>>> print(open('query.cif').read())   # mmCIF, C-alpha atoms
data_data
#
loop_
_atom_site.label_atom_id
_atom_site.label_comp_id
_atom_site.auth_asym_id
_atom_site.auth_seq_id
_atom_site.Cartn_x
_atom_site.Cartn_y
_atom_site.Cartn_z
CA MET A 1 74.96 -54.43 -58.03
CA SER A 2 77.99 -54.18 -55.80
CA GLU A 3 77.86 -52.93 -52.26
CA GLN A 4 80.06 -50.03 -53.21
CA GLN A 5 78.62 -46.74 -52.15
CA ARG A 6 78.78 -43.52 -54.03
CA THR A 7 78.18 -40.10 -52.68
CA ALA A 8 75.64 -37.98 -54.40
CA LEU A 9 75.42 -34.27 -54.06
CA LEU A 10 71.96 -33.04 -54.78
CA VAL A 11 71.53 -29.33 -54.98
CA GLY A 12 68.18 -27.69 -55.33
CA ARG A 13 67.04 -24.14 -55.17
CA THR A 14 64.56 -25.15 -52.52
CA MET A 15 64.34 -28.06 -50.19
CA GLU A 16 61.38 -29.30 -52.18
CA GLU A 17 63.40 -29.27 -55.36
CA ALA A 18 66.31 -31.01 -53.67
CA ASP A 19 63.91 -33.62 -52.34
CA GLY A 20 62.58 -34.03 -55.84
CA LEU A 21 66.07 -34.64 -57.11
CA PHE A 22 66.66 -37.12 -54.36
CA ALA A 23 63.55 -39.01 -55.41
CA GLN A 24 64.88 -39.18 -58.94
CA VAL A 25 68.41 -40.15 -58.10
CA ALA A 26 67.77 -43.80 -57.38
CA SER A 27 67.65 -44.40 -61.09
CA LEU A 28 70.39 -42.01 -62.06
CA LEU A 29 73.84 -43.21 -62.86
CA TYR A 30 75.31 -39.78 -62.49
CA VAL A 31 74.16 -37.19 -60.09
CA VAL A 32 73.30 -33.73 -61.12
CA ALA A 33 73.58 -30.51 -59.25
CA SER A 34 70.57 -28.49 -60.29
CA CYS A 35 71.51 -24.85 -60.15
CA GLY A 36 70.22 -21.56 -61.39
CA VAL A 37 70.11 -19.29 -58.37
CA PRO A 38 71.03 -15.83 -59.59
CA ASP A 39 72.75 -14.24 -56.60
CA VAL A 40 76.09 -15.38 -55.13
CA GLU A 41 75.19 -14.84 -51.49
CA GLU A 42 71.84 -16.36 -51.97
CA THR A 43 73.51 -19.19 -53.79
CA LEU A 44 75.84 -20.01 -50.94
CA GLU A 45 73.13 -19.60 -48.39
CA THR A 46 70.84 -21.81 -50.34
CA PHE A 47 73.44 -24.44 -50.90
CA THR A 48 74.76 -24.57 -47.36
CA VAL A 49 71.27 -24.88 -46.02
CA GLU A 50 69.71 -27.05 -48.62
CA VAL A 51 72.37 -29.28 -50.07
CA ILE A 52 71.54 -32.83 -49.36
CA VAL A 53 74.45 -35.18 -49.09
CA SER A 54 73.43 -38.77 -49.31
CA THR A 55 74.74 -42.06 -50.50
CA VAL A 56 73.30 -44.19 -53.22
CA PRO A 57 74.53 -47.68 -54.00
CA LEU A 58 76.01 -47.84 -57.46
CA ASP A 59 78.56 -50.15 -58.93
CA SER A 60 80.73 -47.31 -60.15
CA PRO A 61 83.50 -45.72 -58.08
CA PRO A 62 82.51 -42.67 -56.06
CA ARG A 63 82.59 -39.52 -58.11
CA PRO A 64 80.30 -36.60 -57.68
CA CYS A 65 79.32 -35.03 -60.96
CA PHE A 66 78.08 -31.52 -61.35
CA VAL A 67 76.29 -29.67 -64.00
CA TRP A 68 76.20 -25.94 -63.81
CA GLN A 69 74.44 -23.56 -66.09
CA GLY A 70 74.37 -20.44 -63.94
CA GLU A 71 76.45 -17.31 -64.09
CA GLN A 72 80.23 -17.40 -63.75
CA ALA A 73 80.32 -15.68 -60.34
CA ASN A 74 77.78 -18.08 -58.95
CA ALA A 75 79.64 -20.92 -60.48
CA GLU A 76 82.84 -19.92 -58.70
CA ALA A 77 81.05 -19.78 -55.39
CA LEU A 78 79.43 -23.09 -55.96
CA ARG A 79 82.67 -24.56 -57.16
CA ALA A 80 84.49 -23.54 -53.98
CA PHE A 81 81.76 -25.09 -51.94
CA LEU A 82 81.65 -28.26 -53.93
CA GLU A 83 85.42 -28.63 -53.89
CA ALA A 84 85.41 -28.39 -50.11
CA MET A 85 82.74 -31.06 -50.06
CA ALA A 86 84.62 -33.16 -52.53
CA GLN A 87 87.80 -33.19 -50.41
CA ALA A 88 85.96 -35.26 -47.91
CA GLU A 89 85.21 -37.77 -50.58
CA ALA A 90 87.25 -40.69 -51.69
CA GLU A 91 89.75 -40.03 -54.43
CA LEU A 92 87.90 -38.97 -57.48
CA GLU A 93 88.35 -40.56 -60.81
CA PRO A 94 88.11 -38.25 -63.76
CA LEU A 95 85.17 -38.79 -65.97
CA GLU A 96 85.48 -38.80 -69.68
CA ILE A 97 83.59 -36.15 -71.51
CA ALA A 98 81.45 -38.08 -73.92
CA GLU A 99 81.45 -35.59 -76.75
CA GLU A 100 82.70 -32.10 -77.21
CA ASP A 101 80.35 -29.27 -77.65
CA GLU A 102 80.08 -25.77 -76.40
CA ALA A 103 77.98 -26.47 -73.34
CA GLN A 104 80.20 -29.35 -72.34
CA THR A 105 83.36 -27.37 -72.76
CA GLN A 106 81.98 -24.67 -70.52
CA THR A 107 80.99 -27.16 -67.89
CA ALA A 108 84.29 -28.95 -68.11
CA ALA A 109 86.13 -25.65 -67.72
CA LEU A 110 84.28 -24.99 -64.52
CA PHE A 111 84.70 -28.33 -62.91
CA GLY A 112 87.56 -29.88 -64.79
CA ALA A 113 87.38 -33.52 -65.56
CA GLN A 114 84.82 -34.12 -62.86
CA ALA A 115 82.07 -32.75 -65.00
CA VAL A 116 79.68 -34.77 -67.01
CA VAL A 117 76.89 -33.30 -69.02
CA VAL A 118 73.39 -34.52 -68.47
CA PRO A 119 70.26 -32.65 -69.45
CA THR A 120 69.45 -29.61 -67.36
CA VAL A 121 66.36 -28.93 -69.40
CA ARG A 122 63.95 -31.82 -69.26
CA VAL A 123 60.51 -31.32 -70.65
CA GLY A 124 57.84 -33.65 -71.93
CA PHE A 125 54.59 -32.86 -73.73
CA TYR A 126 51.39 -34.83 -73.73
CA GLY A 127 47.81 -34.14 -74.72
CA ALA A 128 44.57 -35.47 -73.36
CA ARG A 129 43.20 -35.85 -76.86
CA GLY A 130 44.47 -36.03 -80.38
CA GLY A 131 45.26 -33.10 -82.59
CA VAL A 132 46.46 -30.67 -79.93
CA GLY A 133 49.93 -30.52 -81.44
CA VAL A 134 51.93 -32.55 -78.95
CA THR A 135 54.49 -33.67 -81.49
CA MET A 136 54.81 -30.22 -83.01
CA ALA A 137 55.33 -28.70 -79.56
CA ALA A 138 58.08 -31.23 -78.84
CA VAL A 139 59.76 -30.70 -82.21
CA ASN A 140 59.57 -26.90 -81.99
CA THR A 141 60.92 -26.95 -78.44
CA ALA A 142 63.78 -29.19 -79.46
CA GLN A 143 64.61 -26.88 -82.35
CA ALA A 144 64.42 -23.76 -80.17
CA LEU A 145 66.78 -25.37 -77.66
CA ALA A 146 69.15 -26.54 -80.38
CA LYS A 147 69.22 -23.02 -81.77
CA ARG A 148 70.54 -21.86 -78.39
CA GLY A 149 73.41 -24.30 -78.42
CA TYR A 150 71.89 -27.16 -76.44
CA ARG A 151 72.59 -30.66 -77.59
CA VAL A 152 69.07 -32.00 -77.65
CA LEU A 153 67.74 -35.51 -77.33
CA LEU A 154 64.20 -35.69 -78.67
CA ALA A 155 62.68 -38.89 -77.34
CA ASP A 156 59.61 -40.58 -78.75
CA PRO A 157 58.52 -43.23 -76.24
CA THR A 158 55.35 -43.83 -78.28
CA ARG A 159 57.59 -45.13 -81.07
CA ARG A 160 55.24 -43.68 -83.67
CA PHE A 161 58.08 -41.72 -85.30
CA ASP A 162 55.92 -38.61 -85.81
CA SER A 163 58.65 -36.41 -84.33
CA TRP A 164 61.07 -37.91 -86.85
CA ILE A 165 58.83 -37.05 -89.76
CA TYR A 166 58.25 -33.48 -88.57
CA SER A 167 61.99 -33.11 -88.01
CA GLY A 168 62.70 -34.07 -91.60
CA VAL A 169 64.08 -37.51 -90.82
CA GLN A 170 62.95 -40.59 -92.69
CA PRO A 171 61.40 -43.08 -90.26
CA PRO A 172 61.93 -46.81 -90.67
CA ASP A 173 59.51 -48.56 -93.04
CA ASP A 174 58.12 -50.59 -90.17
CA PRO A 175 57.31 -48.49 -87.10
CA ASN A 176 57.27 -51.68 -85.04
CA VAL A 177 61.01 -52.08 -85.42
CA GLU A 178 62.48 -53.40 -82.18
CA GLY A 179 65.27 -52.07 -80.04
CA GLU A 180 66.60 -48.58 -79.65
CA VAL A 181 66.36 -46.57 -82.83
CA ARG A 182 68.29 -43.36 -83.21
CA ALA A 183 68.83 -40.80 -85.89
CA GLU A 184 70.03 -37.25 -86.22
CA THR A 185 68.31 -34.32 -87.81
CA PRO A 186 69.83 -33.19 -91.10
CA ASP A 187 71.62 -30.32 -89.35
CA GLY A 188 72.99 -32.72 -86.73
CA ARG A 189 71.77 -30.62 -83.83
CA ILE A 190 69.05 -32.90 -82.54
CA THR A 191 69.29 -36.60 -81.83
CA LEU A 192 66.05 -38.48 -82.24
CA LEU A 193 65.41 -41.57 -80.21
CA ALA A 194 62.44 -43.88 -80.56
CA GLY A 195 61.88 -45.54 -77.23
CA ILE A 196 62.46 -44.75 -73.59
CA PRO A 197 65.91 -43.29 -72.92
CA ASP A 198 67.68 -44.48 -69.79
CA GLU A 199 69.81 -42.05 -67.85
CA ALA A 200 73.04 -43.38 -69.36
CA ALA A 201 71.68 -42.53 -72.80
CA LEU A 202 71.23 -38.92 -71.74
CA GLN A 203 74.92 -38.26 -71.15
CA GLY A 204 76.29 -35.62 -73.39
CA PHE A 205 72.92 -33.97 -73.95
CA GLY A 206 72.06 -30.58 -72.54
CA ALA A 207 68.33 -30.97 -73.04
CA LEU A 208 65.81 -33.76 -73.15
CA VAL A 209 62.48 -33.22 -74.89
CA VAL A 210 59.86 -35.95 -74.88
CA ASP A 211 56.90 -36.40 -77.21
CA GLY A 212 54.67 -38.35 -74.86
CA GLY A 213 51.64 -38.63 -77.14
CA ARG A 214 48.63 -38.92 -74.86
CA ARG A 215 50.49 -40.26 -71.86
CA SER A 216 52.59 -38.72 -69.15
CA ASP A 217 53.28 -41.92 -67.23
CA TRP A 218 56.36 -42.89 -69.21
CA PRO A 219 59.29 -43.78 -66.94
CA ILE A 220 61.23 -40.70 -67.95
CA VAL A 221 62.20 -37.94 -65.54
CA VAL A 222 60.94 -34.77 -67.18
CA ARG A 223 58.59 -31.96 -66.32
CA TRP A 224 55.41 -32.88 -68.11
CA GLN A 225 53.43 -30.19 -69.85
CA ARG A 226 49.83 -31.03 -70.62
CA LEU A 227 48.57 -29.48 -73.81
CA GLU A 228 44.93 -28.55 -74.20
CA GLN A 229 45.47 -26.70 -77.45
CA ARG A 230 48.22 -25.98 -79.92
CA LEU A 231 51.21 -24.23 -78.46
CA GLU A 232 52.24 -21.32 -80.63
CA VAL A 233 55.86 -21.11 -81.69
CA GLU A 234 56.14 -17.75 -79.88
CA ALA A 235 55.03 -19.36 -76.62
CA ILE A 236 57.61 -22.09 -77.06
CA GLU A 237 60.32 -19.53 -77.82
CA GLU A 238 59.45 -17.62 -74.66
CA MET A 239 59.51 -20.79 -72.59
CA VAL A 240 62.88 -21.78 -73.99
CA ARG A 241 64.29 -18.28 -73.47
CA ARG A 242 63.40 -18.60 -69.79
CA TRP A 243 65.10 -21.95 -69.51
CA ALA A 244 68.15 -20.58 -71.23
CA GLY A 245 68.27 -17.70 -68.76
CA GLU A 246 67.67 -15.08 -71.43
CA GLU A 247 65.69 -11.99 -70.67
CA VAL A 248 62.08 -12.30 -71.65
CA ALA A 249 60.37 -9.20 -72.93
CA MET B 1 29.24 -56.82 -88.77
CA LEU B 2 32.17 -55.29 -86.92
CA ILE B 3 33.56 -52.08 -88.38
CA LEU B 4 36.76 -50.61 -87.03
CA ALA B 5 37.71 -46.97 -87.50
CA VAL B 6 41.36 -46.18 -86.82
CA GLY B 7 43.03 -42.79 -86.87
CA ALA B 8 46.27 -42.47 -88.79
CA LYS B 9 47.22 -39.90 -86.17
CA GLY B 10 45.59 -37.89 -83.43
CA GLY B 11 43.07 -35.23 -84.36
CA VAL B 12 42.17 -36.54 -87.81
CA GLY B 13 38.50 -36.99 -86.92
CA THR B 14 38.15 -40.68 -86.12
CA THR B 15 35.70 -40.10 -83.29
CA ARG B 16 33.73 -37.65 -85.42
CA PHE B 17 33.53 -40.23 -88.20
CA VAL B 18 32.12 -42.85 -85.82
CA GLU B 19 29.84 -40.33 -84.16
CA VAL B 20 28.22 -39.27 -87.45
CA LEU B 21 27.90 -42.90 -88.49
CA LEU B 22 26.15 -43.77 -85.23
CA ARG B 23 23.82 -40.79 -85.53
CA SER B 24 22.97 -41.64 -89.12
CA ALA B 25 22.21 -45.34 -88.86
CA ARG B 26 21.03 -47.76 -86.21
CA LEU B 27 24.39 -49.16 -85.16
CA VAL B 28 26.08 -49.97 -81.87
CA GLY B 29 29.09 -47.86 -80.95
CA LEU B 30 32.19 -49.14 -79.20
CA ASP B 31 34.71 -46.72 -77.77
CA ALA B 32 38.13 -48.34 -77.60
CA ALA B 33 39.89 -44.98 -77.62
CA ASP B 34 39.66 -42.29 -74.99
CA GLY B 35 36.01 -42.29 -73.99
CA THR B 36 35.05 -39.13 -75.86
CA LEU B 37 32.66 -40.89 -78.21
CA ALA B 38 30.03 -41.48 -75.53
CA ALA B 39 30.49 -37.96 -74.19
CA ARG B 40 29.90 -36.46 -77.64
CA LEU B 41 26.87 -38.61 -78.31
CA GLY B 42 25.47 -38.09 -74.84
CA TRP B 43 24.30 -41.69 -74.83
CA ALA B 44 24.40 -44.24 -72.04
CA THR B 45 27.60 -46.23 -71.69
CA TYR B 46 28.28 -49.89 -71.04
CA PRO B 47 31.71 -50.88 -69.68
CA LEU B 48 32.58 -54.20 -71.24
CA ASP B 49 34.78 -55.28 -68.35
CA ALA B 50 31.54 -55.85 -66.42
CA VAL B 51 31.00 -59.13 -68.30
CA VAL B 52 34.28 -60.72 -67.25
CA GLY B 53 33.52 -64.21 -65.94
CA TRP B 54 30.05 -64.43 -67.49
CA GLY B 55 28.82 -67.63 -69.10
CA GLU B 56 27.81 -68.04 -72.74
CA ARG B 57 24.06 -67.99 -72.13
CA ARG B 58 24.19 -64.82 -70.13
CA LEU B 59 26.35 -63.17 -72.79
CA ILE B 60 23.81 -64.04 -75.50
CA GLN B 61 20.99 -62.48 -73.50
CA GLU B 62 23.08 -59.41 -72.86
CA ALA B 63 23.99 -59.09 -76.55
CA GLN B 64 20.30 -59.05 -77.48
CA ARG B 65 19.61 -56.39 -74.89
CA LEU B 66 22.54 -54.26 -76.08
CA VAL B 67 21.42 -54.34 -79.71
CA ARG B 68 18.01 -53.05 -78.63
CA ARG B 69 19.24 -50.35 -76.29
CA ARG B 70 22.42 -49.30 -78.11
CA PRO B 71 24.53 -47.90 -75.30
CA VAL B 72 28.10 -47.01 -76.21
CA LEU B 73 30.24 -49.99 -75.30
CA LEU B 74 33.45 -49.09 -73.51
CA TRP B 75 36.58 -51.14 -73.99
CA ASN B 76 39.35 -50.88 -71.41
CA ALA B 77 42.59 -52.66 -70.55
CA VAL B 78 40.78 -55.40 -68.63
CA CYS B 79 38.99 -56.37 -71.84
CA ASP B 80 42.36 -57.24 -73.40
CA THR B 81 42.96 -59.86 -70.73
CA PHE B 82 39.67 -61.75 -70.50
CA PRO B 83 37.77 -63.45 -73.34
CA GLN B 84 34.19 -62.48 -72.43
CA PRO B 85 34.22 -58.81 -73.54
CA LEU B 86 35.34 -59.72 -77.05
CA ARG B 87 32.90 -62.62 -77.10
CA LEU B 88 30.07 -60.24 -76.24
CA VAL B 89 31.16 -57.75 -78.91
CA GLU B 90 31.23 -60.55 -81.47
CA MET B 91 27.70 -61.60 -80.47
CA VAL B 92 26.42 -58.03 -80.77
CA ALA B 93 28.13 -57.78 -84.15
CA ARG B 94 26.24 -60.87 -85.31
CA LEU B 95 22.89 -59.48 -84.22
CA GLY B 96 23.56 -55.97 -85.52
CA THR B 97 26.48 -53.81 -86.56
CA VAL B 98 29.14 -52.56 -84.18
CA VAL B 99 31.27 -49.56 -85.09
CA VAL B 100 34.49 -49.25 -83.14
CA ASP B 101 36.28 -45.99 -82.48
CA GLY B 102 39.74 -47.50 -82.24
CA GLY B 103 41.70 -44.29 -81.74
CA ILE B 104 45.22 -44.43 -83.10
CA GLU B 105 46.16 -47.70 -81.45
CA PRO B 106 43.17 -50.02 -81.45
CA PRO B 107 43.21 -53.10 -79.22
CA ASP B 108 44.70 -56.10 -80.94
CA ALA B 109 41.62 -58.24 -80.35
CA LEU B 110 39.30 -55.76 -82.08
CA TRP B 111 41.78 -55.21 -84.91
CA LYS B 112 41.72 -58.94 -85.63
CA ALA B 113 37.99 -59.43 -85.08
CA ALA B 114 36.83 -56.53 -87.26
CA GLY B 115 35.55 -57.36 -90.72
CA HIS B 116 35.88 -53.87 -92.19
CA GLY B 117 38.57 -51.30 -91.54
CA PHE B 118 38.42 -47.57 -92.12
CA ILE B 119 41.59 -45.59 -91.67
CA VAL B 120 40.77 -41.97 -91.01
CA SER B 121 43.64 -39.92 -92.30
CA LEU B 122 44.57 -36.56 -93.75
CA ASP B 123 47.03 -34.97 -96.08
CA ASP B 124 49.98 -34.85 -93.73
CA PRO B 125 53.33 -36.69 -93.91
CA ALA B 126 52.97 -38.34 -90.50
CA ALA B 127 49.37 -39.37 -91.20
CA LEU B 128 50.40 -40.76 -94.57
CA TYR B 129 53.21 -42.75 -92.98
CA HIS B 130 50.83 -44.40 -90.50
CA GLU B 131 48.09 -44.82 -93.08
CA THR B 132 50.45 -46.75 -95.35
CA TYR B 133 51.59 -48.94 -92.49
CA LEU B 134 48.07 -49.54 -91.17
CA LYS B 135 46.85 -50.53 -94.64
CA ALA B 136 49.67 -53.04 -94.97
CA GLN B 137 49.01 -54.44 -91.51
CA TRP B 138 45.29 -54.68 -92.16
CA SER B 139 45.85 -56.54 -95.38
CA LYS B 140 48.26 -58.90 -93.62
CA ALA B 141 45.85 -59.60 -90.77
CA HIS B 142 42.79 -60.05 -92.99
CA GLY B 143 43.98 -62.28 -95.77
CA GLY B 144 44.73 -59.56 -98.29
CA ALA B 145 41.55 -57.54 -97.69
CA LYS B 146 41.93 -53.80 -98.05
CA ALA B 147 41.19 -51.18 -95.45
CA VAL B 148 39.55 -48.02 -96.75
CA ALA B 149 41.22 -44.69 -96.13
CA VAL B 150 38.93 -41.80 -95.29
CA VAL B 151 40.60 -38.53 -96.17
CA GLY B 152 38.89 -35.17 -96.31
CA ASN B 153 35.34 -34.60 -95.16
CA VAL B 154 34.89 -37.37 -92.60
CA GLU B 155 31.31 -36.36 -91.83
CA GLU B 156 30.25 -36.65 -95.44
CA ALA B 157 32.09 -39.96 -95.70
CA ALA B 158 30.24 -41.29 -92.65
CA ARG B 159 26.86 -40.17 -94.03
CA ALA B 160 27.63 -41.77 -97.39
CA LEU B 161 28.60 -44.98 -95.65
CA ALA B 162 25.42 -44.96 -93.58
CA ARG B 163 23.36 -44.40 -96.72
CA ASP B 164 25.13 -46.93 -98.96
CA TRP B 165 25.73 -49.72 -96.49
CA PHE B 166 22.82 -49.42 -94.12
CA GLY B 167 20.22 -47.70 -96.27
CA ALA B 168 19.99 -44.97 -93.71
CA GLU B 169 17.96 -41.96 -94.62
CA VAL B 170 20.48 -39.35 -93.76
CA ARG B 171 18.95 -36.21 -92.37
CA PRO B 172 20.53 -32.84 -92.89
CA PRO B 173 22.29 -31.43 -89.86
CA LYS B 174 20.02 -29.87 -87.28
CA ALA B 175 19.94 -26.14 -86.78
CA PRO B 176 21.63 -24.93 -83.63
CA ALA B 177 19.16 -24.70 -80.77
CA PHE B 178 19.19 -20.91 -80.68
CA LEU B 179 18.04 -20.72 -84.32
CA ARG B 180 15.11 -23.08 -83.97
CA GLY B 181 11.67 -21.53 -84.01
CA VAL B 182 12.87 -18.06 -84.92
CA GLY B 183 12.05 -18.32 -88.60
CA ILE B 184 15.63 -18.58 -89.77
CA LYS B 185 16.36 -21.44 -92.09
CA PHE B 186 19.54 -23.37 -91.44
CA LYS B 187 21.21 -25.13 -94.36
#
>>> encode(input="query.cif", output="structure tokens")
Amino acid sequence: MSEQQRTALLVGRTMEEADGLFAQVASLLYVVASCGVPDVEETLETFTVEVIVSTVPLDSPPRPCFVWQGEQANAEALRAFLEAMAQAEAELEPLEIAEEDEAQTQTAALFGAQAVVVPTVRVGFYGARGGVGVTMAAVNTAQALAKRGYRVLLADPTRRFDSWIYSGVQPPDDPNVEGEVRAETPDGRITLLAGIPDEAALQGFGALVVDGGRRSDWPIVVRWQRLEQRLEVEAIEEMVRRWAGEEVA
Amino acid sequence: MLILAVGAKGGVGTTRFVEVLLRSARLVGLDAADGTLAARLGWATYPLDAVVGWGERRLIQEAQRLVRRRPVLLWNAVCDTFPQPLRLVEMVARLGTVVVDGGIEPPDALWKAAGHGFIVSLDDPAALYHETYLKAQWSKAHGGAKAVAVVGNVEEAARALARDWFGAEVRPPKAPAFLRGVGIKFK
């Protein structure tokens, strides 16, 4: 890795969250601004107080990348702030948008060519014992997110291909097939990956859902949800509505 | 004899199958899955990593003791690394019969060492996918021998196995404690 330094802007709603992002960033190729604060004033206050500006050594040229999924007004406020921060940076190189989709277009419109889409929803499921519906929870969550316009990566680090089968995708004849194995659901809304996705593989996806089987110690940055019993589809829908910022009855 | 029970997927009843088998016949249980077998049985446990570094003579003595006392043997990651735990299991399997709850991903060493394989499965596309693969792998690893798929009533299958293979006199299930002695018959 070169000695070149790259500035990372880590934005969290709380200092704890920002610290959490900082802990994750060592392995991230692109840096994400985690947003979602509803009020403009609060947003600015939060960001001016709790933005952490730090440098991480990466062999790519310096280019802060932001992902925003908040409201437009908040986005404008954040954008002004980030642009002021960015002026102090070295000249920025535009990033290519990996693939077009609605979420990406929105993000790109907010931050121009500086934006790159990485998952803002990251969730993983695991169960302490068999039969609690870990795979079904992951598949249903992925589908609920896809229904709301997210480009979803459904990762199966166990490489058992159960999430493929329940998503209607034919798994390979030999589950021990080596290397990264990918497929798309018949409707093309969910990408299935058998293996452990690295951060570069997550570009272009708005959501990452992981079927962890019985383990939560996979080297994947997600919020792990431990399942003790089957998660009803309604519960998943409600969870996803929250993530998507929809009103929950 | 070393019998391995493998689940085609989680929640198909592999542990239940082994549990009923152990309750129905005088066999030694080995939990290579998640440790729930011993908890369900309520029997004493014996972590196999304790024998790492032991000599052959000591292992033989221990095997004889284990066949008499029948604690549930516990396999963990350490047992994959050292030869003594497998050696001890093989000795116990020569003196008696060991039934392994292999979970959905049994340790390689036990997969190879087992003489009989039971794949606990159910009527589900994912289970069927793994069942097919496990059968093929078993056949490959055991010179063309076939693993038996257990689909449906795993408890009945375990009782039938205990009766047919081990001549066990299978008792009907016990009445729940609260029904005993109150004159209500439990069938």
>>> closest_residue(input="query.cif", among="B:Lys112, B:Arg94, B:His130, B:Arg16", to="chain A", atoms="all atoms listed in the file")
B:His130
>>> closest_residue(input="query.cif", among="B:His116, B:Arg23, B:Arg58, B:Arg87", to="Arg70 in chain B", atoms="all atoms listed in the file")
B:Arg23
>>> atom_distance(input="query.cif", atom1="CA of Trp218 in chain A", atom2="CA of Leu193 in chain A")
14.3 Å
>>> atom_distance(input="query.cif", atom1="CA of Thr141 in chain A", atom2="CA of Tyr133 in chain B")
27.7 Å
>>> closest_residue(input="query.cif", among="B:Glu62, B:Asp31, B:Asp108, B:Asp124", to="chain A", atoms="all atoms listed in the file")
B:Asp124
>>> interface_residues(input="query.cif", of="chain B", to="chain A", cutoff="7 Å", atoms="only C-alpha atoms", output="list of chain:residue names")
B:Gly10, B:Gly11, B:Val12, B:Pro125, B:Ala126
>>> resolve_selection(input="query.cif", expression="the PyMOL selection byres ((chain B and resi 107) around 10)", output="PyMOL selection string")
chain B and resi 32-33+75-77+79-80+102-106+108-112
>>> resolve_selection(input="query.cif", expression="the PyMOL selection byres ((chain B and resi 142-144) around 10)", output="PyMOL selection string")
chain B and resi 111-117+135-141+145-147
>>> closest_residue(input="query.cif", among="B:Asp101, B:Glu155, B:Asp123, B:Glu131", to="Val28 in chain B", atoms="only C-alpha atoms")
B:Asp101
>>> atom_distance(input="query.cif", atom1="CA of Tyr126 in chain A", atom2="CA of Gly188 in chain A")
25.3 Å
>>> closest_residue(input="query.cif", among="A:Glu237, A:Asp187, A:Asp217, A:Asp211", to="Thr135 in chain A", atoms="all atoms listed in the file")
A:Asp211
>>> resolve_selection(input="query.cif", expression="the PyMOL selection byres ((chain B and resi 39) around 12)", output="MDAnalysis selection string")
chainID B and resid 15:16 19 31 34:38 40:45 71:72 74
>>> closest_residue(input="query.cif", among="B:Val120, B:Arg163, B:Glu90, B:Leu128", to="Thr14 in chain B", atoms="all atoms listed in the file")
B:Val120
>>> residues_near_point(input="query.cif", point="(29.3, -55.7, -86.3)", cutoff="12 Å", atoms="all atoms listed in the file", output="ChimeraX atom specification")
/B:1-4,26-30,63,67,86,88-100,110,113-117,166
>>> residues_around(input="query.cif", residues="Arg122 in chain A", least_positions_apart="3", cutoff="7 Å", atoms="all atoms listed in the file", output="PyMOL selection string")
chain A and resi 119+207-209+222-223
>>> write_last_selection(input="query.cif", atoms="C-alpha atoms", output="PDB file, keeping the file's coordinate frame")
ATOM      1  CA  PRO A 119      70.260 -32.650 -69.450  1.00  0.00           C
ATOM      2  CA  ALA A 207      68.330 -30.970 -73.040  1.00  0.00           C
ATOM      3  CA  LEU A 208      65.810 -33.760 -73.150  1.00  0.00           C
ATOM      4  CA  VAL A 209      62.480 -33.220 -74.890  1.00  0.00           C
ATOM      5  CA  VAL A 222      60.940 -34.770 -67.180  1.00  0.00           C
ATOM      6  CA  ARG A 223      58.590 -31.960 -66.320  1.00  0.00           C
TER       7      ARG A 223
END
